[in-house]
file work-v8.txt (compact mmCIF, C-alpha atoms)
# COMPACT_ATOMS: atom_id res chain seq x y z
CA MET A 172 15.14 7.47 -33.01
CA LYS A 173 14.49 5.51 -29.82
CA SER A 174 16.59 6.19 -26.76
CA LYS A 175 18.08 3.19 -25.01
CA ASN A 176 17.43 4.91 -21.68
CA LYS A 177 13.71 5.42 -22.23
CA ILE A 178 11.01 3.14 -20.81
CA GLY A 179 8.95 1.44 -23.51
CA LEU A 180 5.32 0.30 -23.35
CA PHE A 181 6.08 -3.28 -22.27
CA SER A 182 8.55 -2.22 -19.57
CA LEU A 183 6.13 0.39 -18.24
CA THR A 184 3.35 -2.21 -18.03
CA MET A 185 5.68 -4.56 -16.12
CA LEU A 186 6.66 -1.74 -13.77
CA VAL A 187 3.00 -1.12 -12.93
CA LEU A 188 2.55 -4.84 -12.24
CA GLY A 189 5.63 -4.88 -10.03
CA PHE A 190 4.58 -1.79 -8.07
CA VAL A 191 1.05 -3.01 -7.33
CA ILE A 192 1.14 -6.79 -6.92
CA GLY A 193 2.20 -7.44 -3.35
CA THR A 194 1.28 -9.79 -0.53
CA GLY A 195 -2.06 -8.15 0.30
CA ILE A 196 -4.03 -10.34 -2.10
CA PHE A 197 -3.15 -13.33 0.10
CA ARG A 198 -5.16 -11.80 2.97
CA THR A 199 -7.39 -8.86 2.02
CA SER A 200 -9.93 -10.95 0.11
CA ARG A 201 -10.98 -12.23 3.52
CA ASP A 202 -11.43 -8.69 4.85
CA ALA A 203 -13.35 -7.57 1.75
CA ALA A 204 -15.60 -10.62 2.06
CA ALA A 205 -16.14 -9.99 5.78
CA ALA A 206 -17.30 -6.46 4.98
CA ALA A 207 -19.39 -7.35 1.92
CA THR A 208 -23.02 -8.26 2.56
CA THR A 209 -23.28 -10.04 -0.79
CA PRO A 210 -20.85 -11.58 -3.31
CA ALA A 211 -21.82 -8.83 -5.78
CA ILE A 212 -20.59 -6.11 -3.40
CA PHE A 213 -17.41 -8.12 -2.83
CA PHE A 214 -16.52 -8.23 -6.54
CA ILE A 215 -17.70 -4.67 -7.28
CA ALA A 216 -15.32 -3.42 -4.55
CA TRP A 217 -12.41 -5.03 -6.42
CA ILE A 218 -13.47 -3.45 -9.72
CA VAL A 219 -14.07 0.04 -8.32
CA ALA A 220 -10.75 0.05 -6.45
CA GLY A 221 -9.07 -0.90 -9.72
CA LEU A 222 -10.75 1.99 -11.56
CA VAL A 223 -9.65 4.38 -8.81
CA ALA A 224 -6.13 3.00 -9.24
CA ILE A 225 -6.18 3.73 -12.98
CA CYS A 226 -7.31 7.32 -12.35
CA GLY A 227 -4.72 7.78 -9.61
CA ALA A 228 -1.87 6.33 -11.67
CA LEU A 229 -2.68 8.62 -14.61
CA THR A 230 -2.96 11.62 -12.29
CA PHE A 231 0.41 10.95 -10.66
CA ALA A 232 1.99 10.25 -14.04
CA GLU A 233 0.96 13.71 -15.28
CA ILE A 234 2.18 15.36 -12.07
CA GLY A 235 5.53 13.63 -12.53
CA SER A 236 5.65 14.68 -16.17
CA ARG A 237 4.94 18.33 -15.33
CA TYR A 238 7.34 18.38 -12.36
CA PRO A 239 10.00 15.68 -12.89
CA VAL A 240 11.98 15.89 -9.67
CA THR A 241 13.58 13.24 -7.51
CA GLY A 242 12.79 13.04 -3.83
CA GLY A 243 9.22 11.97 -3.22
CA PHE A 244 5.87 13.54 -2.55
CA TYR A 245 7.17 16.24 -0.20
CA LYS A 246 8.65 18.25 -3.09
CA ILE A 247 5.35 18.01 -4.96
CA PHE A 248 3.51 19.26 -1.87
CA SER A 249 6.04 22.05 -1.26
CA TYR A 250 5.54 23.27 -4.81
CA ALA A 251 1.75 23.10 -4.70
CA TYR A 252 0.98 23.88 -1.03
CA HIS A 253 2.53 25.33 2.11
CA PRO A 254 5.65 23.51 3.43
CA SER A 255 3.76 22.65 6.64
CA LEU A 256 1.33 20.55 4.61
CA ALA A 257 4.26 18.95 2.76
CA PHE A 258 5.78 17.90 6.09
CA SER A 259 2.54 16.74 7.70
CA ILE A 260 1.18 14.75 4.76
CA ASN A 261 4.52 13.12 4.00
CA ALA A 262 4.89 12.24 7.66
CA ILE A 263 1.51 10.50 7.71
CA ILE A 264 2.43 8.73 4.47
CA LEU A 265 5.53 7.40 6.24
CA ILE A 266 3.36 6.36 9.20
CA SER A 267 0.94 4.73 6.75
CA ASN A 268 3.86 2.87 5.15
CA ALA A 269 4.94 1.72 8.60
CA ALA A 270 1.40 0.50 9.26
CA ALA A 271 1.35 -1.29 5.89
CA MET A 272 4.62 -3.02 6.71
CA GLY A 273 3.26 -4.04 10.09
CA GLY A 274 0.12 -5.36 8.40
CA VAL A 275 2.14 -7.36 5.89
CA ALA A 276 4.29 -8.77 8.71
CA LEU A 277 1.06 -9.91 10.38
CA ILE A 278 -0.02 -11.57 7.12
CA GLY A 279 3.23 -13.53 7.15
CA SER A 280 2.84 -14.52 10.80
CA GLU A 281 -0.74 -15.58 10.03
CA TYR A 282 0.61 -18.19 7.63
CA ILE A 283 3.54 -19.46 9.70
CA THR A 284 2.23 -19.50 13.30
CA PRO A 285 -0.25 -22.40 12.74
CA LEU A 286 2.72 -24.53 11.63
CA VAL A 287 4.71 -23.80 14.79
CA PHE A 288 2.30 -23.15 17.64
CA ALA A 289 -0.75 -24.87 19.14
CA PRO A 290 -4.14 -23.49 17.98
CA ASP A 291 -4.80 -21.75 21.31
CA GLN A 292 -1.42 -19.96 21.08
CA VAL A 293 -1.66 -18.70 17.50
CA GLU A 294 -3.38 -15.36 18.21
CA VAL A 295 -0.91 -14.57 20.99
CA TRP A 296 2.14 -15.25 18.83
CA LYS A 297 1.03 -13.51 15.62
CA PRO A 298 1.99 -9.95 16.67
CA ILE A 299 5.07 -11.21 18.55
CA LEU A 300 6.37 -12.99 15.47
CA ALA A 301 5.58 -9.96 13.28
CA ILE A 302 7.50 -7.61 15.61
CA THR A 303 10.38 -10.13 15.81
CA ALA A 304 10.62 -10.23 12.00
CA ILE A 305 10.77 -6.42 11.83
CA LEU A 306 13.44 -6.20 14.54
CA LEU A 307 15.43 -8.97 12.87
CA PHE A 308 15.62 -7.08 9.60
CA TYR A 309 16.29 -3.85 11.47
CA GLY A 310 19.40 -5.53 12.87
CA ILE A 311 20.38 -6.85 9.44
CA ASN A 312 20.01 -3.38 7.91
CA LEU A 313 22.16 -1.88 10.68
CA LEU A 314 24.92 -4.24 9.56
CA GLY A 315 24.63 -2.78 6.07
CA LEU A 316 23.25 -5.91 4.40
CA LYS A 317 21.09 -4.99 1.40
CA MET A 318 18.69 -7.12 -0.53
CA SER A 319 20.02 -8.08 -3.95
CA THR A 320 18.12 -7.87 -7.22
CA LYS A 321 18.14 -11.66 -7.42
CA THR A 322 16.27 -11.90 -4.12
CA LEU A 323 13.67 -9.43 -5.36
CA ASN A 324 13.23 -11.50 -8.52
CA VAL A 325 12.77 -14.65 -6.43
CA LEU A 326 10.11 -12.83 -4.39
CA MET A 327 8.19 -11.90 -7.54
CA VAL A 328 8.40 -15.48 -8.83
CA ILE A 329 6.99 -16.78 -5.52
CA LYS A 330 4.06 -14.38 -5.75
CA ILE A 331 3.30 -15.25 -9.37
CA ILE A 332 3.48 -19.01 -8.72
CA MET A 333 1.15 -18.72 -5.72
CA LEU A 334 -1.33 -16.58 -7.66
CA LEU A 335 -1.33 -19.03 -10.59
CA VAL A 336 -1.86 -21.98 -8.20
CA ILE A 337 -4.86 -20.20 -6.65
CA VAL A 338 -6.35 -19.31 -10.05
CA ALA A 339 -5.84 -22.90 -11.24
CA ALA A 340 -8.19 -24.05 -8.44
CA ILE A 341 -11.08 -22.54 -10.42
CA PHE A 342 -10.68 -25.35 -12.96
CA TYR A 343 -10.74 -28.18 -10.37
CA PRO A 344 -14.40 -28.68 -9.36
CA ALA A 345 -13.42 -31.43 -6.93
CA VAL A 346 -11.98 -28.84 -4.52
CA HIS A 347 -14.90 -26.39 -4.78
CA SER A 348 -17.08 -25.63 -1.77
CA THR A 349 -20.73 -26.70 -1.96
CA ALA A 350 -21.87 -24.47 0.90
CA PRO A 351 -24.71 -22.09 -0.09
CA VAL A 352 -24.31 -18.33 0.21
CA VAL A 353 -26.17 -17.04 3.27
CA ILE A 354 -27.02 -13.32 3.27
CA ASP A 355 -27.90 -11.44 6.46
CA GLU A 356 -31.25 -9.88 5.57
CA SER A 357 -30.91 -7.35 8.39
CA LYS A 358 -28.05 -5.71 6.45
CA THR A 359 -29.74 -5.22 3.09
CA SER A 360 -31.01 -1.66 3.49
CA THR A 361 -29.53 0.96 1.16
CA ALA A 362 -27.51 2.56 3.97
CA ALA A 363 -26.22 -0.81 5.19
CA LEU A 364 -25.22 -1.90 1.68
CA LEU A 365 -23.43 1.40 1.06
CA LEU A 366 -21.48 1.04 4.31
CA SER A 367 -20.74 -2.58 3.42
CA PHE A 368 -19.34 -1.50 0.05
CA GLY A 369 -17.26 1.30 1.60
CA VAL A 370 -15.65 -1.00 4.17
CA ALA A 371 -14.96 -3.64 1.50
CA LEU A 372 -13.39 -0.90 -0.63
CA LYS A 373 -11.01 -0.17 2.26
CA ALA A 374 -9.49 -3.65 1.93
CA THR A 375 -9.34 -3.66 -1.87
CA SER A 376 -7.80 -0.18 -1.98
CA PHE A 377 -4.99 -1.41 0.27
CA THR A 378 -4.29 -4.27 -2.14
CA TYR A 379 -4.05 -1.95 -5.18
CA GLY A 380 -1.51 0.35 -3.52
CA GLY A 381 1.76 1.12 -5.30
CA TYR A 382 0.55 2.81 -8.48
CA GLN A 383 1.52 6.20 -7.00
CA HIS A 384 5.08 5.42 -8.08
CA THR A 385 4.05 6.41 -11.61
CA ILE A 386 4.83 9.93 -10.39
CA ASN A 387 8.48 9.07 -11.06
CA PHE A 388 7.97 8.12 -14.73
CA GLY A 389 7.66 11.60 -16.22
CA GLU A 390 10.42 12.20 -18.75
CA GLU A 391 11.69 8.63 -18.61
CA VAL A 392 8.97 7.15 -20.83
CA GLU A 393 9.35 6.90 -24.57
CA ASN A 394 6.50 8.71 -26.35
CA PRO A 395 4.81 9.57 -23.01
CA ASN A 396 1.50 10.87 -24.36
CA ARG A 397 0.90 7.49 -25.98
CA ASN A 398 2.71 4.98 -23.77
CA ILE A 399 1.94 6.25 -20.25
CA PRO A 400 -1.86 5.90 -20.49
CA ARG A 401 -1.59 2.61 -22.39
CA GLY A 402 1.00 1.12 -20.04
CA ILE A 403 -0.96 2.11 -16.94
CA PHE A 404 -4.26 0.95 -18.43
CA PHE A 405 -2.90 -2.42 -19.59
CA GLY A 406 -1.03 -2.98 -16.31
CA ILE A 407 -3.95 -2.25 -14.01
CA ILE A 408 -6.46 -4.10 -16.21
CA ILE A 409 -4.21 -7.17 -15.90
CA ILE A 410 -4.08 -6.65 -12.13
CA ILE A 411 -7.87 -6.18 -11.85
CA SER A 412 -8.40 -9.38 -13.85
CA LEU A 413 -5.87 -11.29 -11.75
CA TYR A 414 -7.32 -10.07 -8.45
CA LEU A 415 -10.85 -10.90 -9.57
CA LEU A 416 -9.78 -14.40 -10.62
CA VAL A 417 -7.93 -15.01 -7.35
CA SER A 418 -10.86 -13.70 -5.29
CA TYR A 419 -13.28 -15.82 -7.33
CA ALA A 420 -11.08 -18.84 -6.65
CA TYR A 421 -11.19 -18.12 -2.90
CA VAL A 422 -14.99 -17.95 -3.04
CA LYS A 423 -15.29 -21.13 -5.12
CA VAL A 424 -12.90 -23.20 -2.99
CA ILE A 425 -13.55 -21.86 0.52
CA GLY A 426 -17.10 -20.55 0.13
CA PHE A 427 -18.22 -16.91 0.46
CA ASN A 428 -19.41 -17.15 4.07
CA ALA A 429 -16.46 -19.26 5.24
CA LEU A 430 -14.04 -16.84 3.53
CA LYS A 431 -15.19 -14.13 5.94
CA GLU A 432 -13.65 -15.96 8.90
CA THR A 433 -10.79 -18.02 7.44
CA ASP A 434 -7.11 -17.31 8.11
CA GLY A 435 -4.36 -18.35 5.72
CA ILE A 436 -6.71 -18.44 2.72
CA ALA A 437 -3.99 -18.98 0.10
CA ALA A 438 -2.51 -21.89 2.06
CA LEU A 439 -5.97 -23.41 2.49
CA VAL A 440 -6.51 -23.38 -1.28
CA ALA A 441 -3.10 -25.04 -1.74
CA GLU A 442 -4.02 -27.66 0.85
CA LYS A 443 -7.26 -28.54 -0.89
CA MET A 444 -5.37 -28.98 -4.16
CA PHE A 445 -2.18 -30.70 -2.95
CA GLY A 446 -2.92 -31.90 0.58
CA THR A 447 -1.05 -31.08 3.78
CA THR A 448 2.26 -30.78 1.93
CA GLY A 449 0.80 -28.02 -0.25
CA ARG A 450 -0.35 -26.06 2.81
CA TYR A 451 3.03 -26.30 4.52
CA ALA A 452 4.98 -25.40 1.38
CA SER A 453 2.76 -22.41 0.50
CA SER A 454 2.80 -21.13 4.09
CA ILE A 455 6.61 -21.15 4.19
CA LEU A 456 6.90 -19.52 0.75
CA LEU A 457 4.46 -16.76 1.68
CA PHE A 458 6.26 -16.10 4.97
CA LEU A 459 9.55 -15.73 3.07
CA ALA A 460 7.86 -13.36 0.60
CA VAL A 461 6.62 -11.25 3.49
CA LEU A 462 10.06 -11.10 5.11
CA SER A 463 11.48 -9.87 1.81
CA TYR A 464 8.86 -7.11 1.70
CA VAL A 465 9.74 -6.07 5.25
CA ASN A 466 13.40 -5.76 4.24
CA VAL A 467 12.58 -3.69 1.15
CA THR A 468 10.39 -1.33 3.21
CA LEU A 469 13.11 -0.87 5.82
CA LEU A 470 15.57 -0.07 3.04
CA SER A 471 13.42 2.47 1.19
CA ASN A 472 11.50 4.56 3.75
CA PRO A 473 14.49 5.75 5.81
CA ARG A 474 15.87 7.17 2.57
CA VAL A 475 12.72 9.24 2.18
CA MET A 476 13.27 10.61 5.68
CA TYR A 477 16.90 11.32 4.75
CA ALA A 478 15.77 13.27 1.66
CA MET A 479 13.21 15.21 3.72
CA SER A 480 15.99 16.12 6.15
CA GLN A 481 18.16 17.36 3.29
CA GLU A 482 15.32 19.67 2.28
CA GLY A 483 15.11 21.03 5.83
CA ILE A 484 11.69 19.51 6.55
CA LEU A 485 13.08 17.06 9.12
CA PRO A 486 15.95 17.86 11.55
CA LYS A 487 19.51 17.27 10.35
CA VAL A 488 19.90 14.34 12.73
CA PHE A 489 17.95 12.24 10.22
CA GLN A 490 20.92 12.59 7.86
CA GLN A 491 23.18 10.80 10.31
CA LYS A 492 24.92 8.00 8.46
CA ASP A 493 27.30 5.17 9.24
CA LYS A 494 29.79 5.91 6.46
CA LYS A 495 31.51 2.57 6.76
CA ARG A 496 28.32 0.56 6.24
CA GLY A 497 26.26 3.18 4.40
CA VAL A 498 23.42 2.90 6.93
CA LEU A 499 21.05 5.77 7.78
CA THR A 500 21.07 4.88 11.46
CA VAL A 501 18.69 7.51 12.88
CA SER A 502 16.16 7.37 10.04
CA LEU A 503 16.18 3.55 10.08
CA THR A 504 15.77 3.43 13.87
CA VAL A 505 12.92 5.96 13.95
CA PHE A 506 11.03 4.27 11.11
CA THR A 507 11.44 0.84 12.74
CA ALA A 508 10.23 2.25 16.06
CA VAL A 509 7.11 3.63 14.37
CA CYS A 510 6.44 0.18 12.84
CA VAL A 511 6.77 -1.53 16.22
CA VAL A 512 4.59 1.05 17.99
CA VAL A 513 1.83 0.64 15.38
CA LEU A 514 2.01 -3.14 15.73
CA PHE A 515 2.06 -2.96 19.53
CA PHE A 516 -1.12 -0.86 19.74
CA SER A 517 -2.85 -2.47 16.75
CA ASP A 518 -2.00 -6.14 17.07
CA LYS A 519 -4.66 -7.28 14.59
CA PHE A 520 -4.51 -6.86 10.83
CA GLU A 521 -8.00 -5.33 10.70
CA LYS A 522 -6.96 -2.48 13.01
CA ILE A 523 -3.76 -1.80 11.08
CA LEU A 524 -5.69 -1.91 7.80
CA SER A 525 -8.13 0.77 8.96
CA PHE A 526 -5.38 2.93 10.48
CA GLY A 527 -3.10 2.71 7.44
CA VAL A 528 -5.81 3.15 4.82
CA PHE A 529 -7.34 6.16 6.59
CA LEU A 530 -3.99 7.95 6.70
CA ASP A 531 -3.22 6.85 3.17
CA SER A 532 -6.58 8.18 1.98
CA ILE A 533 -5.71 11.64 3.29
CA GLY A 534 -2.28 11.53 1.71
CA MET A 535 -3.42 10.16 -1.65
CA ALA A 536 -6.40 12.51 -2.05
CA THR A 537 -4.32 15.54 -1.11
CA ALA A 538 -1.49 14.46 -3.42
CA GLY A 539 -3.91 13.87 -6.29
CA ALA A 540 -5.39 17.34 -5.82
CA THR A 541 -2.02 18.92 -6.64
CA ILE A 542 -2.75 18.23 -10.33
CA PHE A 543 -5.11 21.24 -10.34
CA VAL A 544 -2.28 23.46 -9.08
CA PHE A 545 0.23 22.01 -11.55
CA ARG A 546 -2.14 22.47 -14.49
CA LYS A 547 -2.26 26.21 -13.72
CA LYS A 548 1.41 26.71 -12.83
CA THR A 549 2.81 24.75 -15.77
CA LYS A 550 0.58 25.90 -18.63
CA HIS A 551 3.71 26.75 -20.59
CA LEU A 552 4.50 23.02 -20.84
CA ASN A 553 1.29 22.18 -22.72
CA GLY A 554 2.04 20.87 -26.18
CA THR A 555 5.73 20.29 -25.47
CA GLY A 556 5.51 16.48 -25.44
CA ILE A 557 4.75 15.97 -21.75
CA PHE A 558 2.01 13.56 -20.73
CA SER A 559 -1.43 15.15 -20.29
CA MET A 560 -4.30 12.86 -19.36
CA LYS A 561 -7.55 12.86 -21.27
CA LEU A 562 -10.91 13.31 -19.51
CA TYR A 563 -9.41 15.93 -17.18
CA PRO A 564 -10.67 16.89 -14.58
CA LEU A 565 -12.99 13.86 -14.33
CA LEU A 566 -10.24 11.30 -13.68
CA PRO A 567 -8.51 13.10 -10.79
CA LEU A 568 -11.90 14.04 -9.31
CA PHE A 569 -12.99 10.38 -9.39
CA PHE A 570 -9.72 9.44 -7.71
CA ILE A 571 -10.10 12.08 -4.97
CA VAL A 572 -13.78 11.25 -4.39
CA GLY A 573 -12.91 7.53 -4.21
CA TYR A 574 -10.39 8.01 -1.40
CA THR A 575 -12.58 10.56 0.37
CA PHE A 576 -15.41 8.01 0.31
CA VAL A 577 -13.14 5.34 1.85
CA ALA A 578 -12.03 7.72 4.62
CA THR A 579 -15.68 8.67 5.28
CA MET A 580 -16.73 5.01 5.55
CA ILE A 581 -13.89 4.29 7.99
CA THR A 582 -14.98 7.33 10.04
CA ILE A 583 -18.55 6.02 10.20
CA GLU A 584 -17.44 2.50 11.10
CA GLU A 585 -14.58 3.44 13.45
CA PRO A 586 -14.98 7.07 14.61
CA ARG A 587 -12.42 6.78 17.43
CA LEU A 588 -9.76 5.58 15.00
CA ALA A 589 -10.53 8.45 12.61
CA ILE A 590 -10.28 10.97 15.46
CA THR A 591 -6.93 9.46 16.47
CA CYS A 592 -5.61 9.76 12.92
CA MET A 593 -6.74 13.39 12.63
CA ALA A 594 -5.10 14.13 15.99
CA VAL A 595 -1.86 12.66 14.63
CA LEU A 596 -2.13 14.91 11.56
CA ALA A 597 -2.83 18.00 13.70
CA SER A 598 0.13 17.22 15.98
CA LEU A 599 2.40 16.98 12.93
CA PHE A 600 1.44 20.54 11.95
CA VAL A 601 2.39 21.69 15.45
CA ILE A 602 5.69 19.79 15.26
CA TYR A 603 6.50 21.43 11.92
CA PHE A 604 6.12 24.96 13.27
CA LEU A 605 8.06 24.10 16.43
CA ILE A 606 10.92 22.80 14.26
CA GLN A 607 10.85 25.98 12.18
CA ARG A 608 10.97 28.20 15.25
CA LEU A 609 13.86 26.18 16.66
CA LYS A 610 15.72 26.55 13.37
CA GLN A 611 15.20 30.30 13.39
CA GLY A 612 16.52 30.55 16.94
CA LYS A 613 13.28 31.92 18.38
CA ILE A 614 13.22 29.13 20.92
CA GLN A 615 16.47 28.18 22.56
CA PRO A 616 16.50 24.62 23.94
CA GLY A 617 17.04 24.65 27.67
CA ASN A 618 15.87 28.26 28.17
CA ASN A 619 12.57 29.25 29.82

call {"tool": "encode", "arguments": {"input": "work-v8.txt", "output": "C-alpha cells"}}
result
Amino acid sequence: MKSKNKIGLFSLTMLVLGFVIGTGIFRTSRDAAAAATTPAIFFIAWIVAGLVAICGALTFAEIGSRYPVTGGFYKIFSYAYHPSLAFSINAIILISNAAAMGGVALIGSEYITPLVFAPDQVEVWKPILAITAILLFYGINLLGLKMSTKTLNVLMVIKIIMLLVIVAAIFYPAVHSTAPVVIDESKTSTAALLLSFGVALKATSFTYGGYQHTINFGEEVENPNRNIPRGIFFGIIIIISLYLLVSYAYVKVIGFNALKETDGIAALVAEKMFGTTGRYASSILLFLAVLSYVNVTLLSNPRVMYAMSQEGILPKVFQQKDKKRGVLTVSLTVFTAVCVVVLFFSDKFEKILSFGVFLDSIGMATAGATIFVFRKKTKHLNGTGIFSMKLYPLLPLFFIVGYTFVATMITIEEPRLAITCMAVLASLFVIYFLIQRLKQGKIQPGNN
C-alpha cells in the first residue's frame, strides 16, 4: 500500500529539477566558453559535469538513506569524522554559499545595469548594485518578511520560460551567427587542452549545483531502491539535455568566439528574436529571478548556522532570535556580512566563481567520501529496504575525483586564490579548537 507521505518517482524527478536549475545557466555558458579552447571541450565540460552530478546525487542519496537525520552536512561529518572537520567543512560550505549568492547577485546586476547606466559606468555599478540587493533583502528579512510559495513558483516559471525562449532560437536560422569559429593554435597542446577543460568544468560544475540536497530524501521516498536512482537519473539527464540545448543556442545565435566575451547572453538572444523590447523584458525578468534567489539564500543559510549552534559547533549567540518576528538576527547578520565581504574583495563574477567552486570542491569531495565510512558503520542496514547504489565504489570515486580535478585545475590557474582558500580552511580549524577551549573554561576571556 502506498503512503500518502512518500515521494513518488515523478515528484522526486521534479525535486531534482528544482534543486539544480538556477540562474547560473544565464551566465556560466560564457565562462565555460571563455575557458574552452574548442567547442568540443565546451560541450564535453557540460556532459562531464552532469555525470559527476549523477554520481554525487546517488552518493548523497545513499548517505541520507543510511543516516536519515535533519540538520545538514555537519551531522554527517560529525558521525564520519572528527567534529573539528565537521565545523571547518560546514563553515567553508556556508562561505561557498555566500560566494554563490554574491555571484548570482552579480549575474542579476549584469542584466540590469546596462538598462540604467551609461556603458562606461556599467562595470563600476555591477558590484554596487549586487551589494545593494543583498543589503535590501537583509533589511526585509530583519522585518520578518518571508518569501511565499507563490513567489517561488513564479520564479521557477520565469526560469522555464526564459530557457524555452533560448532553446527556441535554435529553430530560427535568421538569428544565427555566421561568424566562423577561430581556435587559438597556441593552446592546442595536450596540457593546454586539459587545463582548458578543467577551467571550463569549473563553470559547468557551479551550474549543476544543488543535487546534494538528495541527502535529505532517505526514508521519504517510496520504494527507494527503485525510485531514487531512477528519479535522480531522469532528473539530471533532463537537466543535461536542457543545458546542452541552451548552450548550443548561445553558440548558434551569438557565435562561439563572441560568447567568450559577451555579457547578458540570455538577454542578447531574446533581443535577436524579439528586438529591443525582448532584451529589456528578459533583463528585468532575470533580475527579479536573481533577487528571489538572494532572498531564499538569506532565509535558508542562517538556519543552518542556527542548527550548528544548537549542536554546540557554533557559539550560542548564533541562536539569538527575535521572537516577535521569528528572525535569527545574529546568524542572518553574520551570513550577510560574509556575502558582502566576498563581493567587496571579489567584485567580478569570475573571481567569485573560482573562490566559491574551490571551497565547494573541498566540501563536496569530503562529504562524498563519508559514504565509505557509512558503508562500514551501517552494514546492519543492508537488505532492510534502504537505498544502496549500484556500481559502488566506482560512482563515489568518480564524483570525488571529479571535484578533486576541478580544485587542482583552479590551483594551477589561480594558485594565490587556492592558497587563500586553504588558509581560510586552516584558520577555521584553529577557531574550532579555540571555541572548544573557551567552552571548557580553559581560557577565560579577559584574563592573561

call {"tool": "atom_distance", "arguments": {"input": "work-v8.txt", "atom1": "CA of Gly195 in chain A", "atom2": "CA of Ala271 in chain A"}}
result
9.5 Å

call {"tool": "residues_around", "arguments": {"input": "work-v8.txt", "residues": "range 202-219 of chain A", "least_positions_apart": "4", "cutoff": "6 Å", "atoms": "all atoms listed in the file", "output": "count of residues only"}}
result
8

call {"tool": "residues_around", "arguments": {"input": "work-v8.txt", "residues": "Tyr343 in chain A", "least_positions_apart": "4", "cutoff": "10 Å", "atoms": "all atoms listed in the file", "output": "list in words"}}
result
Val338, Ala339, His347, Lys423, Val424 and Met444 of chain A

call {"tool": "atom_distance", "arguments": {"input": "work-v8.txt", "atom1": "CA of Glu393 in chain A", "atom2": "CA of Phe543 in chain A"}}
result
24.8 Å

call {"tool": "atom_distance", "arguments": {"input": "work-v8.txt", "atom1": "CA of Gly556 in chain A", "atom2": "CA of Asn398 in chain A"}}
result
12.0 Å

call {"tool": "closest_residue", "arguments": {"input": "work-v8.txt", "among": "A:Val465, A:Leu314, A:Met560, A:Ala438", "to": "Pro285 in chain A", "atoms": "only C-alpha atoms"}}
result
A:Ala438

call {"tool": "closest_residue", "arguments": {"input": "work-v8.txt", "among": "A:Ser517, A:Ala460, A:Ala508, A:Ala597", "to": "Val325 in chain A", "atoms": "all atoms listed in the file"}}
result
A:Ala460

call {"tool": "residues_around", "arguments": {"input": "work-v8.txt", "residues": "Leu306 in chain A", "least_positions_apart": "5", "cutoff": "9 Å", "atoms": "all atoms listed in the file", "output": "number ranges by chain"}}
result
A: 301, 311, 507, 511

call {"tool": "residues_near_point", "arguments": {"input": "work-v8.txt", "point": "(6.0, 22.5, -0.5)", "cutoff": "12 Å", "atoms": "all atoms listed in the file", "output": "list in words"}}
result
Gly243, Phe244, Tyr245, Lys246, Ile247, Phe248, Ser249, Tyr250, Ala251, Tyr252, His253, Pro254, Ser255, Leu256, Ala257, Phe258, Ser259, Ile260, Asn261, Met479, Glu482, Gly483, Ile484, Ala538, Thr541 and Val544 of chain A

call {"tool": "closest_residue", "arguments": {"input": "work-v8.txt", "among": "A:Ser182, A:Ser525, A:Gln383, A:Thr433", "to": "Glu281 in chain A", "atoms": "all atoms listed in the file"}}
result
A:Thr433

call {"tool": "closest_residue", "arguments": {"input": "work-v8.txt", "among": "A:Ile225, A:Val513, A:Met327, A:Ile436", "to": "Ala270 in chain A", "atoms": "only C-alpha atoms"}}
result
A:Val513

call {"tool": "closest_residue", "arguments": {"input": "work-v8.txt", "among": "A:Leu568, A:Met272, A:Leu552, A:Ile192", "to": "Val461 in chain A", "atoms": "all atoms listed in the file"}}
result
A:Met272

call {"tool": "closest_residue", "arguments": {"input": "work-v8.txt", "among": "A:Phe427, A:Phe404, A:Phe515, A:Phe445", "to": "Phe181 in chain A", "atoms": "all atoms listed in the file"}}
result
A:Phe404

call {"tool": "residues_around", "arguments": {"input": "work-v8.txt", "residues": "Ile409 in chain A", "least_positions_apart": "4", "cutoff": "10 Å", "atoms": "all atoms listed in the file", "output": "PDB file with C-alpha atoms, in the coordinates of the input"}}
result
ATOM      1  CA  THR A 184       3.350  -2.210 -18.030  1.00  0.00           C
ATOM      2  CA  VAL A 187       3.000  -1.120 -12.930  1.00  0.00           C
ATOM      3  CA  LEU A 188       2.550  -4.840 -12.240  1.00  0.00           C
ATOM      4  CA  ILE A 403      -0.960   2.110 -16.940  1.00  0.00           C
ATOM      5  CA  PHE A 404      -4.260   0.950 -18.430  1.00  0.00           C
ATOM      6  CA  PHE A 405      -2.900  -2.420 -19.590  1.00  0.00           C
ATOM      7  CA  LEU A 413      -5.870 -11.290 -11.750  1.00  0.00           C
ATOM      8  CA  TYR A 414      -7.320 -10.070  -8.450  1.00  0.00           C
ATOM      9  CA  LEU A 415     -10.850 -10.900  -9.570  1.00  0.00           C
TER      10      LEU A 415
END

call {"tool": "residues_around", "arguments": {"input": "work-v8.txt", "residues": "Leu335 in chain A", "least_positions_apart": "5", "cutoff": "12 Å", "atoms": "all atoms listed in the file", "output": "PyMOL selection string"}}
result
chain A and resi 328-330+340-342+413-414+416-417+420+437+440-441

call {"tool": "residues_near_point", "arguments": {"input": "work-v8.txt", "point": "(-15.7, 1.4, 9.7)", "cutoff": "10 Å", "atoms": "only C-alpha atoms", "output": "JSON, numbers by chain"}}
result
{"A": [206, 366, 367, 369, 370, 371, 373, 525, 577, 578, 579, 580, 581, 582, 583, 584, 585, 586, 587, 588, 589]}

call {"tool": "decode", "arguments": {"input": "work-v8.txt", "residues": "range 551-567 of chain A", "atoms": "C-alpha atoms", "output": "PDB file, in the first residue's frame"}}
result
ATOM      1  CA  HIS A 551      23.434  -3.946   9.590  1.00  0.00           C
ATOM      2  CA  LEU A 552      21.097  -1.870   7.384  1.00  0.00           C
ATOM      3  CA  ASN A 553      21.957  -3.778   4.197  1.00  0.00           C
ATOM      4  CA  GLY A 554      18.943  -5.579   2.829  1.00  0.00           C
ATOM      5  CA  THR A 555      16.467  -3.681   5.007  1.00  0.00           C
ATOM      6  CA  GLY A 556      14.964  -1.631   2.157  1.00  0.00           C
ATOM      7  CA  ILE A 557      17.315   1.348   2.299  1.00  0.00           C
ATOM      8  CA  PHE A 558      18.764   2.729  -0.925  1.00  0.00           C
ATOM      9  CA  SER A 559      22.139   1.253  -1.919  1.00  0.00           C
ATOM     10  CA  MET A 560      23.679   2.448  -5.160  1.00  0.00           C
ATOM     11  CA  LYS A 561      24.928   0.052  -7.790  1.00  0.00           C
ATOM     12  CA  LEU A 562      28.475   0.258  -9.180  1.00  0.00           C
ATOM     13  CA  TYR A 563      29.852   1.075  -5.713  1.00  0.00           C
ATOM     14  CA  PRO A 564      32.603   2.250  -5.165  1.00  0.00           C
ATOM     15  CA  LEU A 565      33.059   3.476  -8.759  1.00  0.00           C
ATOM     16  CA  LEU A 566      30.340   6.150  -8.610  1.00  0.00           C
ATOM     17  CA  PRO A 567      31.511   7.921  -5.432  1.00  0.00           C
TER      18      PRO A 567
END
